[in-house]
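> Shown below is the structure under consideration.
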Amino acid sequence: MAQAIQLRGAPGSPYTRKMLAVLRYRHIPYELLIGGLSGSAADDLPEPKVELLPTFFLPDERGELEAVVDSTPIIRRLEDMYAARSVLPTDPVVRFLDYLLEDYADEWLTKAMFHYRWYYQADIDKAGAVLPRWRNLTATSEEIAPMSEFIRERQISRLYVVGSNDTTAPVIEDSYARILDLMGAHMNHAPFMFGNRPSASDFGLYGQLTQLACFDPTPMAVADARAQRVVAWVGVVEDLSGVPADEADWIDADALPQTLRDIFVEVGRVYVPALLANAAAIESGAAQVETEIDGRPWVQEPFPYQAKCLQWVRQEFVKLEQSEREALLNFLAGTGCEALFAKPA
């Protein structure tokens, strides 16, 4: 039996949930290290350069463990380590679409996750009470209270990072409602984004929705009211270890349905203008990102990491053959996503 991969994570981390679901689907053995429950198991593990969850401990070129974060490159690293049950579509056009949709889930839908959790009082109260208990199940209410207060104050103070504020709240919340509707409609065609087999973008969407649709009270009520199919989908994606991984289950690039294109219209409606405006602000040295998204004002501080996300999306596009780029742009025409690849005027 292969040696289990160790990772540090928490149930309240959407990216931890994303990666655990990937590991289960791919039949990759793992050990999840959680707070005080893991005892000395994590004492000798290396520290990451940036404290993010999940943190994976993987062998480097010398065979020594290194701490790595960032779910998207970790998924691709695991593809090199384990051949079976890939989560990356084989067709280059479909694979690019999967990459872009995973990026949307990780970088835009997470705005909704963080916004709802730390913007509304009911959500603040629940998260503040439950999140620290995942690291210390035996603590008394008196013992947990200082940690709860610390988490609440720290996370509320960081809402600016995802662009959550009184100006942007309606944009974020309307977008969340739409993606629930769009995913539900797409499931009339297939259970997963790109056919009858889950891909990286499914796990990205799933990770955020474990919190939005199944934990935080306010967005959970929205999902219950308008997208019970999506709520059920989250429960299914939790463990897909028994689902076959047949190559024929990927959708063909020439048979992409309208329901999938509608999802990319949403990506182009909100995420693409946010990416482009953020990159422009960073390039110009502006202190604020000020743009219009979905016909309404959007204001936030620049986010350097998402400028890198734009670069990586464009790099993936350049890797395509000319005919593949043409097929991709034909599918994306009119969605707003084509603006990602437009040459500067």
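Chain labels A, B, ... are given in the sequence in which chains occur in the structure tokens; within each chain residues are numbered consecutively from 1, and ligands are likewise numbered from 1 in the order shown.
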Counting only C-alpha atoms, what is within 10 Å of range 134-148 of chain A, bar same-chain residues fewer than 4 positions away, as a VMD selection string?
chain A and resid 10 to 12 34 to 38 124 to 130 152 to 154
> As a ChimeraX atom specification, please: all residues of range 38-167 of chain A that backbone DSSP puts in helix (DSSP H, G or I).
/A:38-42,71-81,92-119,121-134,141-157,159-162
> Smallest atom-to-atom distance to Phe331 in chain A: which of A:Glu290, A:Glu301, A:Asp80, A:Asp262, using only C-alpha atoms?
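Distance minimum relative to Phe331 in chain A lands on A:Asp262.
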> When you count only C-alpha atoms, which of these residues is closest to Leu109 in chain A: A:Gly285, A:Pro257, A:Gly334, A:Gly163?
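Going through A:Gly285, A:Pro257, A:Gly334, A:Gly163 one by one, the smallest distance to Leu109 in chain A is for A:Gly163.
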> Just to confirm, what's the straight-line distance from CA of Leu7 in chain A to CA of Thr55 in chain A in Å (one decimal)?
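Here the two named atoms are 5.4 Å from each other.
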> Among the residues of range 1-238 of chain A, find those DSSP assigns to strand (DSSP E or B) from the backbone and print them as a ChimeraX atom specification.
/A:5-8,30-33,55-59,65-68,192,195
> Between CA of Ile179 in chain A and CA of Ile263 in chain A, what is the spacing in Å?
7.1 Å
> What lies within 9 Å of Pro54 in chain A using only C-alpha atoms, ignoring chain neighbours under 3 positions off, as a list in words?
Leu7, Arg8, Gly9, Ala10, Ser13, Tyr15, Thr16, Arg17, Met19, Glu51, Val68, Val69, Asp70 and Ser71 of chain A
> As a PyMOL selection string, please: the residues near Asp249 in chain A (cut-off 7 Å, only C-alpha atoms, same-chain neighbours under 3 positions excluded).
chain A and resi 195-197+246
> Given only C-alpha atoms as the basis, pick out the residue of A:Lys319, A:Arg24, A:Arg62, A:Arg226 nearest to Ala185 in chain A.
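Looking at the shortest contact to Ala185 in chain A, the residue is A:Arg226.
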> Counting only C-alpha atoms, which of A:Ala223, A:Leu131, A:Leu240, A:Val162 gets nearest to Arg26 in chain A?
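Once distances to Arg26 in chain A are computed over only C-alpha atoms, the minimum belongs to A:Leu240.
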> Do a neighbour search on Asp252 in chain A at 12 Å with only C-alpha atoms, toss out local chain neighbours closer than 5 positions, and write the hits as a PyMOL selection string.
chain A and resi 89-95+194-196+247+257
> Quote the spacing between CA of Ala327 in chain A and CA of Ala342 in chain A in Å to one decimal place.
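It comes out at 15.5 Å.
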> So which residues touch Lys18 in chain A within 9 Å, counting only C-alpha atoms, skipping near sequence neighbours fewer than 5 positions away, as a VMD selection string?
chain A and resid 13 23 71 200 202 to 208 210 238
> Once you have the residues from the selection above, write them out as an mmCIF file, in the first residue's frame, restricted to C-alpha atoms.

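Written file, out14.cif:
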```cif
data_model
loop_
_atom_site.group_PDB
_atom_site.id
_atom_site.type_symbol
_atom_site.label_atom_id
_atom_site.label_comp_id
_atom_site.auth_asym_id
_atom_site.auth_seq_id
_atom_site.Cartn_x
_atom_site.Cartn_y
_atom_site.Cartn_z
ATOM 1 C CA SER A 13 -11.527 25.518 5.273
ATOM 2 C CA LEU A 23 -7.914 12.506 -2.485
ATOM 3 C CA SER A 71 -4.752 23.719 -4.072
ATOM 4 C CA ALA A 200 -10.884 19.859 -10.712
ATOM 5 C CA ASP A 202 -16.166 20.341 -9.512
ATOM 6 C CA PHE A 203 -13.975 20.005 -6.456
ATOM 7 C CA GLY A 204 -13.275 23.745 -6.428
ATOM 8 C CA LEU A 205 -16.991 24.558 -6.494
ATOM 9 C CA TYR A 206 -17.692 21.847 -3.949
ATOM 10 C CA GLY A 207 -15.127 23.210 -1.485
ATOM 11 C CA GLN A 208 -16.708 26.662 -1.347
ATOM 12 C CA THR A 210 -19.454 22.995 1.765
ATOM 13 C CA GLU A 238 -18.025 14.662 -0.400
#
```
